[in-house]
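For reference, final-v6.txt (compact mmCIF, C-alpha atoms):
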# COMPACT_ATOMS: atom_id res chain seq x y z
CA MET A 1 28.06 37.68 -2.79
CA SER A 2 27.18 35.12 -5.44
CA SER A 3 28.08 31.47 -5.77
CA LEU A 4 27.54 28.76 -8.36
CA THR A 5 24.55 27.42 -6.44
CA THR A 6 21.33 29.40 -6.64
CA THR A 7 19.17 27.89 -3.90
CA GLN A 8 20.01 26.89 -0.37
CA ALA A 9 20.20 23.11 -0.04
CA PRO A 10 17.65 21.52 2.30
CA LYS A 11 19.10 20.08 5.48
CA GLY A 12 20.06 16.44 5.01
CA LEU A 13 19.39 16.84 1.25
CA GLU A 14 15.69 16.33 2.02
CA GLY A 15 13.78 15.77 -1.22
CA VAL A 16 16.83 16.24 -3.46
CA VAL A 17 16.97 13.87 -6.45
CA ALA A 18 20.61 12.80 -6.77
CA THR A 19 20.55 10.23 -9.57
CA ASN A 20 18.42 8.22 -11.99
CA SER A 21 17.88 4.56 -11.11
CA SER A 22 15.76 1.63 -12.27
CA ILE A 23 16.31 -0.47 -9.14
CA CYS A 24 13.95 0.70 -6.41
CA TYR A 25 10.65 2.62 -6.42
CA ILE A 26 9.25 4.28 -3.31
CA ASP A 27 6.01 6.23 -2.86
CA GLY A 28 6.09 7.52 0.70
CA ASP A 29 2.56 8.91 0.61
CA ARG A 30 1.02 5.59 -0.42
CA GLY A 31 3.44 3.38 1.51
CA VAL A 32 4.77 1.68 -1.63
CA LEU A 33 8.14 -0.06 -1.92
CA ALA A 34 8.98 -1.98 -5.08
CA TYR A 35 12.10 -3.60 -6.54
CA ARG A 36 12.28 -3.25 -10.33
CA GLY A 37 8.59 -2.30 -10.17
CA ILE A 38 7.47 -5.42 -8.27
CA ASP A 39 5.68 -4.58 -5.02
CA ILE A 40 7.48 -5.65 -1.85
CA HIS A 41 4.29 -7.35 -0.64
CA GLU A 42 4.33 -9.70 -3.64
CA LEU A 43 8.00 -10.48 -3.15
CA ALA A 44 7.57 -11.11 0.58
CA GLU A 45 4.68 -13.49 -0.09
CA HIS A 46 6.03 -15.38 -3.09
CA SER A 47 9.76 -14.83 -3.61
CA THR A 48 13.01 -15.95 -1.98
CA PHE A 49 16.11 -13.96 -1.12
CA GLU A 50 18.07 -15.64 -3.94
CA GLU A 51 15.38 -14.74 -6.46
CA THR A 52 15.31 -11.17 -5.13
CA CYS A 53 19.08 -10.95 -5.63
CA TYR A 54 18.62 -12.01 -9.24
CA LEU A 55 15.89 -9.40 -9.71
CA LEU A 56 18.09 -6.63 -8.32
CA TRP A 57 21.26 -7.62 -10.18
CA PHE A 58 19.86 -8.64 -13.57
CA GLY A 59 16.78 -6.43 -13.84
CA GLY A 60 14.00 -9.03 -14.01
CA LEU A 61 12.70 -12.24 -12.52
CA PRO A 62 14.72 -15.35 -13.47
CA LYS A 63 13.57 -18.42 -15.30
CA ALA A 64 13.86 -21.68 -13.36
CA ALA A 65 17.26 -22.57 -14.83
CA GLU A 66 18.62 -19.06 -14.20
CA LEU A 67 17.47 -19.12 -10.58
CA ASN A 68 18.97 -22.57 -10.04
CA ASP A 69 22.26 -21.38 -11.52
CA LEU A 70 22.39 -18.38 -9.18
CA ARG A 71 21.58 -20.56 -6.17
CA GLN A 72 24.42 -22.88 -7.11
CA ARG A 73 26.86 -20.01 -7.58
CA LEU A 74 25.92 -18.48 -4.23
CA ALA A 75 26.37 -21.88 -2.55
CA GLU A 76 29.73 -22.46 -4.22
CA GLU A 77 30.98 -19.09 -2.93
CA ARG A 78 30.34 -20.08 0.69
CA ARG A 79 34.03 -20.12 1.48
CA LEU A 80 36.46 -17.78 3.16
CA ASP A 81 40.19 -17.63 2.68
CA PRO A 82 41.92 -18.98 5.82
CA ALA A 83 43.51 -15.55 6.27
CA ILE A 84 40.07 -14.00 6.75
CA LEU A 85 39.21 -16.52 9.46
CA GLU A 86 42.56 -15.82 11.09
CA LEU A 87 41.76 -12.10 10.98
CA LEU A 88 38.46 -12.77 12.75
CA ARG A 89 40.27 -14.77 15.44
CA ASN A 90 42.82 -12.01 16.06
CA VAL A 91 40.59 -8.95 16.45
CA PRO A 92 40.23 -7.60 20.01
CA LYS A 93 37.62 -9.46 22.04
CA GLN A 94 35.72 -6.25 22.70
CA ALA A 95 35.46 -5.38 18.98
CA LEU A 96 32.01 -4.48 17.71
CA PRO A 97 30.69 -6.90 15.06
CA MET A 98 30.02 -4.03 12.63
CA ASP A 99 33.63 -2.87 12.93
CA VAL A 100 34.85 -6.42 12.36
CA LEU A 101 32.58 -6.80 9.33
CA ARG A 102 33.77 -3.49 7.85
CA THR A 103 37.42 -4.52 8.20
CA ALA A 104 36.89 -8.08 6.96
CA VAL A 105 34.99 -6.96 3.85
CA SER A 106 37.81 -4.61 2.97
CA ALA A 107 40.29 -7.47 3.43
CA LEU A 108 38.25 -9.76 1.16
CA ALA A 109 39.51 -7.67 -1.75
CA PHE A 110 42.97 -9.19 -1.32
CA TYR A 111 41.67 -12.64 -2.23
CA ASP A 112 39.07 -11.84 -4.90
CA PRO A 113 40.10 -13.14 -8.35
CA ASP A 114 38.29 -10.26 -10.07
CA GLU A 115 39.60 -7.55 -7.77
CA ARG A 116 41.49 -5.64 -10.48
CA LYS A 117 38.53 -5.76 -12.87
CA ASN A 118 35.69 -3.25 -12.80
CA ASP A 119 33.60 -4.37 -15.78
CA HIS A 120 29.94 -5.42 -15.53
CA ASP A 121 30.47 -9.18 -15.48
CA SER A 122 33.28 -8.99 -12.94
CA ASN A 123 31.09 -6.90 -10.65
CA ILE A 124 28.29 -9.48 -10.92
CA ASN A 125 30.85 -12.08 -9.81
CA LYS A 126 31.85 -9.88 -6.88
CA ALA A 127 28.21 -9.33 -5.93
CA ILE A 128 27.66 -13.08 -5.71
CA ARG A 129 30.85 -13.66 -3.70
CA LEU A 130 30.21 -10.80 -1.30
CA THR A 131 26.63 -11.89 -0.65
CA SER A 132 27.80 -15.34 0.42
CA GLN A 133 30.93 -14.14 2.21
CA ILE A 134 29.32 -11.40 4.29
CA ALA A 135 26.83 -13.89 5.73
CA MET A 136 29.68 -16.26 6.56
CA ILE A 137 31.75 -13.52 8.21
CA VAL A 138 28.90 -12.46 10.50
CA ALA A 139 28.17 -16.04 11.57
CA ALA A 140 31.83 -17.06 11.92
CA TYR A 141 32.82 -14.05 14.01
CA ASP A 142 29.92 -14.53 16.40
CA ARG A 143 30.98 -18.11 17.06
CA ILE A 144 34.67 -17.24 17.35
CA ARG A 145 34.04 -14.52 19.94
CA LYS A 146 31.97 -16.99 21.96
CA GLY A 147 34.72 -19.61 21.89
CA LYS A 148 32.78 -21.95 19.62
CA ASN A 149 33.92 -23.78 16.50
CA VAL A 150 33.17 -22.23 13.11
CA VAL A 151 30.42 -24.27 11.44
CA GLU A 152 31.10 -25.55 7.94
CA PRO A 153 28.59 -24.34 5.33
CA ASP A 154 25.94 -26.66 3.94
CA ARG A 155 25.74 -25.95 0.22
CA THR A 156 22.43 -27.82 -0.10
CA LEU A 157 20.62 -25.26 2.06
CA SER A 158 19.14 -21.91 1.11
CA HIS A 159 21.06 -18.73 1.88
CA SER A 160 18.88 -18.05 4.93
CA ALA A 161 18.96 -21.60 6.29
CA ASN A 162 22.72 -21.84 5.86
CA PHE A 163 23.26 -18.55 7.70
CA LEU A 164 21.19 -19.73 10.67
CA LEU A 165 23.02 -23.06 10.63
CA GLN A 166 26.42 -21.39 10.69
CA LEU A 167 25.28 -18.93 13.35
CA ASN A 168 23.49 -21.25 15.78
CA GLY A 169 25.10 -24.61 14.95
CA THR A 170 21.80 -26.35 14.20
CA LYS A 171 19.64 -26.57 11.12
CA PRO A 172 16.75 -24.09 11.51
CA SER A 173 13.07 -24.93 11.46
CA ALA A 174 11.11 -24.19 8.31
CA THR A 175 9.39 -21.32 10.16
CA ALA A 176 12.70 -19.77 11.20
CA GLU A 177 14.18 -20.19 7.72
CA ARG A 178 11.21 -18.52 6.07
CA ALA A 179 11.13 -15.73 8.65
CA LEU A 180 14.75 -14.81 7.98
CA ASP A 181 14.30 -15.21 4.23
CA VAL A 182 11.42 -12.72 4.22
CA ALA A 183 13.39 -10.36 6.48
CA LEU A 184 16.30 -10.44 4.01
CA ILE A 185 13.93 -9.70 1.12
CA LEU A 186 12.43 -6.75 2.99
CA HIS A 187 15.85 -5.26 3.78
CA ALA A 188 17.43 -5.92 0.37
CA ASP A 189 17.18 -2.39 -1.01
CA HIS A 190 15.70 0.99 -0.18
CA GLU A 191 16.73 3.46 -2.88
CA LEU A 192 19.24 6.18 -1.89
CA ASN A 193 19.48 5.59 1.84
CA ALA A 194 22.69 6.72 3.52
CA SER A 195 24.67 3.50 3.01
CA THR A 196 23.60 3.02 -0.61
CA PHE A 197 24.43 6.62 -1.45
CA ALA A 198 27.83 6.16 0.20
CA ALA A 199 28.41 3.08 -1.94
CA ARG A 200 27.50 4.92 -5.13
CA VAL A 201 29.72 7.91 -4.28
CA THR A 202 32.68 5.59 -3.73
CA ALA A 203 31.94 3.53 -6.83
CA ALA A 204 31.70 6.71 -8.93
CA THR A 205 35.38 7.40 -8.29
CA LEU A 206 36.07 4.07 -10.09
CA ALA A 207 37.15 2.47 -6.84
CA ASP A 208 36.39 -1.26 -6.67
CA MET A 209 33.20 -2.84 -5.33
CA HIS A 210 34.87 -3.91 -2.09
CA ALA A 211 35.76 -0.26 -1.40
CA ALA A 212 32.19 0.80 -2.17
CA VAL A 213 30.68 -1.86 0.09
CA THR A 214 33.13 -0.98 2.87
CA SER A 215 31.93 2.64 2.62
CA ALA A 216 28.34 1.41 2.79
CA ILE A 217 29.00 -0.66 5.91
CA GLY A 218 30.57 2.37 7.57
CA ALA A 219 27.41 4.39 6.92
CA LEU A 220 25.12 1.54 7.99
CA LYS A 221 26.78 1.36 11.40
CA GLY A 222 25.22 4.61 12.60
CA PRO A 223 22.21 4.47 14.95
CA LEU A 224 20.26 6.77 12.64
CA HIS A 225 20.51 4.14 9.90
CA GLY A 226 21.15 0.45 10.52
CA GLY A 227 21.56 0.62 14.27
CA ALA A 228 17.96 1.58 15.06
CA ASN A 229 16.76 -1.99 15.53
CA GLU A 230 19.46 -2.58 18.14
CA ALA A 231 18.23 0.47 20.05
CA ALA A 232 14.63 -0.75 19.80
CA PHE A 233 15.53 -4.12 21.28
CA ARG A 234 17.54 -2.58 24.11
CA ILE A 235 14.33 -0.89 25.28
CA MET A 236 12.36 -4.14 25.12
CA ASP A 237 15.14 -6.00 26.89
CA ALA A 238 15.15 -3.40 29.68
CA ILE A 239 11.37 -3.68 30.04
CA ASN A 240 11.65 -7.47 30.22
CA ARG A 241 14.46 -7.44 32.80
CA GLN A 242 12.71 -4.88 35.00
CA LYS A 243 9.35 -6.63 34.58
CA ALA A 244 7.96 -3.20 33.77
CA ASP A 245 4.73 -2.36 32.03
CA PRO A 246 5.65 -1.58 28.38
CA VAL A 247 3.24 1.33 28.06
CA ASP A 248 4.31 2.92 31.37
CA TYR A 249 7.99 2.53 30.40
CA VAL A 250 7.55 4.19 27.02
CA ARG A 251 5.27 6.88 28.47
CA ASP A 252 8.06 7.74 30.88
CA MET A 253 10.54 7.92 28.00
CA LEU A 254 8.33 10.39 26.17
CA ALA A 255 7.90 12.46 29.33
CA GLN A 256 11.68 12.74 29.46
CA LYS A 257 11.72 13.85 25.82
CA LYS A 258 13.51 10.66 24.78
CA LYS A 259 13.06 9.29 21.28
CA VAL A 260 11.47 5.85 20.96
CA PRO A 261 13.51 4.05 18.25
CA GLY A 262 11.72 2.10 15.55
CA PHE A 263 9.01 4.67 14.83
CA GLY A 264 8.58 7.16 12.02
CA HIS A 265 10.45 7.29 8.74
CA ARG A 266 12.09 9.97 6.63
CA VAL A 267 10.32 8.74 3.48
CA TYR A 268 7.06 7.06 4.49
CA HIS A 269 4.12 9.17 5.62
CA THR A 270 2.03 6.08 6.20
CA GLU A 271 3.00 2.63 7.46
CA ASP A 272 6.38 1.35 6.32
CA PRO A 273 5.34 -1.56 4.04
CA ARG A 274 8.18 -3.67 5.39
CA ALA A 275 6.81 -3.37 8.92
CA THR A 276 3.55 -4.92 7.72
CA HIS A 277 5.29 -8.25 7.11
CA LEU A 278 7.73 -8.10 10.00
CA ARG A 279 4.87 -7.61 12.43
CA VAL A 280 3.27 -10.88 11.28
CA MET A 281 6.62 -12.69 11.31
CA SER A 282 7.36 -11.51 14.84
CA ARG A 283 3.98 -12.81 15.99
CA ASP A 284 4.14 -16.17 14.21
CA LEU A 285 7.78 -16.85 15.07
CA GLY A 286 7.24 -15.92 18.70
CA ARG A 287 4.31 -18.29 19.00
CA SER A 288 6.04 -21.19 17.24
CA SER A 289 9.18 -20.83 19.39
CA GLY A 290 7.38 -20.45 22.69
CA GLN A 291 8.53 -16.83 23.10
CA PRO A 292 5.38 -14.78 22.41
CA GLN A 293 6.26 -12.13 25.02
CA TRP A 294 8.48 -10.16 22.64
CA TYR A 295 5.75 -9.70 20.05
CA GLU A 296 3.14 -8.96 22.71
CA MET A 297 5.40 -6.30 24.23
CA SER A 298 6.06 -4.80 20.79
CA GLU A 299 2.36 -4.70 19.97
CA LYS A 300 1.54 -2.80 23.17
CA ILE A 301 4.32 -0.27 22.54
CA GLU A 302 3.25 0.21 18.91
CA THR A 303 -0.39 0.79 19.85
CA PHE A 304 0.57 3.35 22.48
CA VAL A 305 3.07 5.28 20.35
CA LYS A 306 0.70 5.39 17.39
CA ALA A 307 -2.08 6.79 19.58
CA GLU A 308 0.16 9.16 21.53
CA LYS A 309 2.57 10.44 18.86
CA LYS A 310 0.76 9.52 15.61
CA LEU A 311 3.89 7.64 14.48
CA ASN A 312 3.92 4.32 12.64
CA ALA A 313 6.33 1.47 13.35
CA ASN A 314 9.10 1.22 10.76
CA VAL A 315 11.18 -1.71 9.52
CA ASP A 316 13.47 -1.59 12.56
CA PHE A 317 10.82 -2.01 15.24
CA TYR A 318 9.53 -5.51 14.53
CA SER A 319 12.81 -6.74 13.07
CA ALA A 320 14.22 -6.38 16.61
CA SER A 321 11.89 -8.97 18.16
CA THR A 322 12.09 -11.18 15.05
CA TYR A 323 15.89 -11.35 15.10
CA HIS A 324 15.99 -11.98 18.84
CA VAL A 325 13.68 -15.00 18.58
CA LEU A 326 15.83 -16.31 15.71
CA GLY A 327 18.75 -16.52 18.17
CA ILE A 328 20.56 -13.45 16.86
CA ASP A 329 22.33 -11.33 19.47
CA GLU A 330 21.46 -7.64 19.74
CA ASP A 331 24.83 -6.41 18.45
CA LEU A 332 24.43 -8.60 15.36
CA PHE A 333 21.18 -6.96 14.25
CA THR A 334 22.96 -4.36 12.12
CA PRO A 335 25.43 -6.88 10.61
CA VAL A 336 22.42 -9.02 9.65
CA PHE A 337 21.01 -5.91 7.95
CA ALA A 338 24.21 -5.94 5.87
CA VAL A 339 23.74 -9.67 5.13
CA SER A 340 20.63 -8.58 3.24
CA ARG A 341 21.52 -5.09 1.98
CA ILE A 342 24.65 -6.29 0.17
CA SER A 343 22.25 -7.34 -2.58
CA GLY A 344 21.01 -3.78 -3.02
CA TRP A 345 24.41 -2.18 -2.54
CA ALA A 346 25.86 -4.38 -5.26
CA ALA A 347 22.98 -3.60 -7.62
CA HIS A 348 23.56 0.14 -7.18
CA VAL A 349 27.32 -0.16 -7.62
CA ILE A 350 26.78 -2.09 -10.85
CA GLU A 351 24.23 0.45 -12.08
CA GLN A 352 26.52 3.36 -11.18
CA LEU A 353 29.50 1.89 -13.02
CA ASP A 354 27.47 0.91 -16.08
CA ASP A 355 26.84 4.62 -16.76
CA ASN A 356 29.27 6.41 -14.53
CA ARG A 357 29.88 10.03 -13.76
CA LEU A 358 31.81 11.21 -10.73
CA ILE A 359 29.39 12.33 -8.01
CA ARG A 360 30.52 15.80 -7.02
CA PRO A 361 27.77 18.07 -5.62
CA ARG A 362 28.27 21.68 -4.55
CA ALA A 363 27.69 23.38 -1.20
CA GLU A 364 25.88 26.67 -0.61
CA TYR A 365 28.54 28.86 1.00
CA LEU A 366 27.33 30.65 4.14
CA GLY A 367 30.67 31.76 5.60
CA PRO A 368 32.30 35.21 5.90
CA GLU A 369 31.83 37.54 2.92
CA TYR A 370 34.45 37.25 0.18
CA PRO A 371 37.05 38.69 0.16
CA ASN A 372 37.81 38.16 3.84
CA ARG A 373 41.35 39.54 3.92
CA TYR A 374 44.25 37.80 5.63
CA VAL A 375 45.49 39.75 8.68
CA PRO A 376 49.17 39.30 9.65
CA LEU A 377 49.66 37.71 13.05
CA ASP A 378 51.15 40.79 14.74
CA GLU A 379 48.21 42.97 13.59
CA ARG A 380 45.43 40.76 14.94
CA LYS A 381 43.52 42.07 17.93
What is this structure when it is put down as structure tokens?
Amino acid sequence: MSSLTTTQAPKGLEGVVATNSSICYIDGDRGVLAYRGIDIHELAEHSTFEETCYLLWFGGLPKAAELNDLRQRLAEERRLDPAILELLRNVPKQALPMDVLRTAVSALAFYDPDERKNDHDSNINKAIRLTSQIAMIVAAYDRIRKGKNVVEPDRTLSHSANFLLQLNGTKPSATAERALDVALILHADHELNASTFAARVTAATLADMHAAVTSAIGALKGPLHGGANEAAFRIMDAINRQKADPVDYVRDMLAQKKKVPGFGHRVYHTEDPRATHLRVMSRDLGRSSGQPQWYEMSEKIETFVKAEKKLNANVDFYSASTYHVLGIDEDLFTPVFAVSRISGWAAHVIEQLDDNRLIRPRAEYLGPEYPNRYVPLDERK
């Protein structure tokens, strides 16, 4: 029996090239990640999240005036329609933050002045709004569920500093601000990961950007994608509460054939370049905040797993301890991932719509041989 496809698809589309893109470059063998050709190490050392957004959305590094203009536009969009805040107040108390974020982002479409437009400039406007609004939603919901007042944004602060202010109620230290800023840069884009591919598939139908980003958030929620850092921290939290030895705890997990989250990567065959920076941030932030135990625990686990299983830490492993020391609750780790990744999602949606074709792959049929004749009900045995 023949079909239109000629080769059996690899499981999980492993190694399949699904589109052309000029946004993100990855070399898994060499451990390279680059946005628009600029190495992630250079961006982590020298750039800011706002500048990285400009790079992703406009294709190159901004001049001083262009960067200042984008910063101002992002700051001006730090506002939520009162109906969105009311929505956050009315969701069930047990609601997961990722579910709340997914629903709120979809609802943002009702109040976006460019909602019915799908041209390039309108989508740039939506990218800017969504980047500011998603950060505000995550911070506002966390305070609402804890019975605290929503903190008004400070439009003089950077994106990272304002998020920490609205989340924790106090202006962050320079160390904390820079740590989050670098974390947002590192998480901004990663080629055709599950959530980005979901966004592009939705955008390709000519649905709006809010629909595409809602699809992306749904994909990000899964523990095999954005939820891995939450799982990594749960292990460290259990070790801390039980006052257990980190190596003995993880050794026992491996003996029970349990997976240790935060290690290995589908793309990288060497160290995840993002983990290189997050490791240093976890160490420095832990020391400056008087909470070095989380980094020290992480380091012991990493050393053991690398020796025992020959697996490298990925972006999720050290982001767990970094986010915890920043005062971010465990169930907010994945929403904070979205606070960053909206920049990459938006860039891919814009790129998809600038040269669009409906994404419609085929499946290799492996079912009963055709024709498999219909048998009337009274003749079936």
With the cut-off set at 10 Å and counting only C-alpha atoms, tabulate each residue of region 104-136 of chain A with an atom at most that distance from an atom of region 212-215 of chain A, showing the nearest atom pair and its distance in Å to one decimal, ordered by chain and increasing number, as JSON lines.
{"residue": "A:Ala104", "atom": "CA", "partner": "A:Thr214", "partner_atom": "CA", "distance": 9.0}
{"residue": "A:Val105", "atom": "CA", "partner": "A:Thr214", "partner_atom": "CA", "distance": 6.3}
{"residue": "A:Ser106", "atom": "CA", "partner": "A:Thr214", "partner_atom": "CA", "distance": 5.9}
{"residue": "A:Ala107", "atom": "CA", "partner": "A:Thr214", "partner_atom": "CA", "distance": 9.7}
{"residue": "A:Ala127", "atom": "CA", "partner": "A:Val213", "partner_atom": "CA", "distance": 9.9}
{"residue": "A:Leu130", "atom": "CA", "partner": "A:Val213", "partner_atom": "CA", "distance": 9.1}
| For Ser195 (chain A), which of A:Gly59, A:Ile217, A:Thr156, A:Phe233 is the closest residue, counting all atoms listed in the file? |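 Among the listed residues, the smallest separation from Ser195 (chain A) belongs to A:Ile217.
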Using all atoms listed in the file, determine which residues lie at most 9 Å from region 260-272 of chain A, disregarding the query and same-chain residues fewer than 3 positions distant; provide the list as a PDB file with C-alpha atoms, in the frame of the given file.
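Okay, this is what ended up in selection_9.pdb:
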ATOM      1  CA  GLU A  14      15.690  16.330   2.020  1.00  0.00           C
ATOM      2  CA  ILE A  26       9.250   4.280  -3.310  1.00  0.00           C
ATOM      3  CA  ASP A  27       6.010   6.230  -2.860  1.00  0.00           C
ATOM      4  CA  GLY A  28       6.090   7.520   0.700  1.00  0.00           C
ATOM      5  CA  ASP A  29       2.560   8.910   0.610  1.00  0.00           C
ATOM      6  CA  ARG A  30       1.020   5.590  -0.420  1.00  0.00           C
ATOM      7  CA  GLY A  31       3.440   3.380   1.510  1.00  0.00           C
ATOM      8  CA  VAL A  32       4.770   1.680  -1.630  1.00  0.00           C
ATOM      9  CA  LEU A  33       8.140  -0.060  -1.920  1.00  0.00           C
ATOM     10  CA  ALA A 228      17.960   1.580  15.060  1.00  0.00           C
ATOM     11  CA  ASN A 229      16.760  -1.990  15.530  1.00  0.00           C
ATOM     12  CA  GLU A 230      19.460  -2.580  18.140  1.00  0.00           C
ATOM     13  CA  ALA A 231      18.230   0.470  20.050  1.00  0.00           C
ATOM     14  CA  ALA A 232      14.630  -0.750  19.800  1.00  0.00           C
ATOM     15  CA  PHE A 233      15.530  -4.120  21.280  1.00  0.00           C
ATOM     16  CA  ILE A 235      14.330  -0.890  25.280  1.00  0.00           C
ATOM     17  CA  VAL A 250       7.550   4.190  27.020  1.00  0.00           C
ATOM     18  CA  MET A 253      10.540   7.920  28.000  1.00  0.00           C
ATOM     19  CA  LEU A 254       8.330  10.390  26.170  1.00  0.00           C
ATOM     20  CA  ALA A 275       6.810  -3.370   8.920  1.00  0.00           C
ATOM     21  CA  THR A 276       3.550  -4.920   7.720  1.00  0.00           C
ATOM     22  CA  GLU A 302       3.250   0.210  18.910  1.00  0.00           C
ATOM     23  CA  VAL A 305       3.070   5.280  20.350  1.00  0.00           C
ATOM     24  CA  LYS A 306       0.700   5.390  17.390  1.00  0.00           C
ATOM     25  CA  LYS A 310       0.760   9.520  15.610  1.00  0.00           C
ATOM     26  CA  LEU A 311       3.890   7.640  14.480  1.00  0.00           C
ATOM     27  CA  ASN A 312       3.920   4.320  12.640  1.00  0.00           C
ATOM     28  CA  ALA A 313       6.330   1.470  13.350  1.00  0.00           C
ATOM     29  CA  ASN A 314       9.100   1.220  10.760  1.00  0.00           C
ATOM     30  CA  VAL A 315      11.180  -1.710   9.520  1.00  0.00           C
ATOM     31  CA  ASP A 316      13.470  -1.590  12.560  1.00  0.00           C
ATOM     32  CA  PHE A 317      10.820  -2.010  15.240  1.00  0.00           C
ATOM     33  CA  TYR A 318       9.530  -5.510  14.530  1.00  0.00           C
ATOM     34  CA  ALA A 320      14.220  -6.380  16.610  1.00  0.00           C
TER      35      ALA A 320
END
| query | Out of A:Ala207, A:Leu377, A:Ile239, A:Leu88, which residue has the shortest atom-to-atom distance to Asn123 (chain A) when counting all atoms listed in the file? | reply | A:Ala207
| query | Interatomic distance between CA of Arg155 (chain A) and CA of Pro62 (chain A)? | reply |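 Value for the CA of Arg155 (chain A)-CA of Pro62 (chain A) distance: 20.5 Å.
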| query | Do you know which residues are at most 10 Å from region 52-57 of chain A counting only C-alpha atoms, after dropping those on the same chain fewer than 3 positions away, and could you put them as a ChimeraX atom specification? | reply | /A:22-24,35-36,38,43-44,47-49,60-62,66-67,70-71,123-124,127-128,131,184-186,188-189,340-351
| task | For CA of Lys171 (chain A) and CA of Ser158 (chain A), quote the distance in Å rounded to one decimal. | result |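 Distance reported for this atom pair: 11.1 Å.
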| Atom-to-atom span, CA of Thr19 (chain A) and CA of Ala216 (chain A), Å |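 Computed distance, CA of Thr19 (chain A) to CA of Ala216 (chain A), equals 17.1 Å.
For the choices A:His277, A:His120, A:Lys309, A:His324, the atom-to-atom distance to Asp208 (chain A) is smallest for A:His120 when using all atoms listed in the file.
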| query | With distances taken over all atoms listed in the file, which of A:Glu45, A:Asp331, A:Asp154, A:Asp245 is nearest to Tyr141 (chain A)? | reply | A:Asp331
| Spatial neighbours of Gln8 (chain A), 10 Å, all atoms listed in the file, chain gap at least 5 places, as a PyMOL selection string | chain A and resi 363-366
| query | Between A:Glu369, A:Leu180, A:Ala194, A:Ile137, which one has atoms that come closest to Gly327 (chain A), using only C-alpha atoms? | reply | A:Leu180
| message | Neighbouring residues of Ala135 (chain A) were defined as those with any atom within 6 Å, considering all atoms listed in the file; residues of the same chain fewer than 3 positions away were excluded. Please report them as a ChimeraX atom specification. | response | /A:132,138,339
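The environment of Ser160 (chain A) within 7 Å, counting only C-alpha atoms and disregarding residues fewer than 2 places along the same chain, consists of A:Ser158, A:Asn162, A:Phe163, A:Leu164, A:Glu177, A:Leu180, A:Asp181.
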| remark: Gly222 (chain A) proximity check over A:His210, A:Thr334, A:Thr205, A:Met281, using all atoms listed in the file: winner is A:Thr334
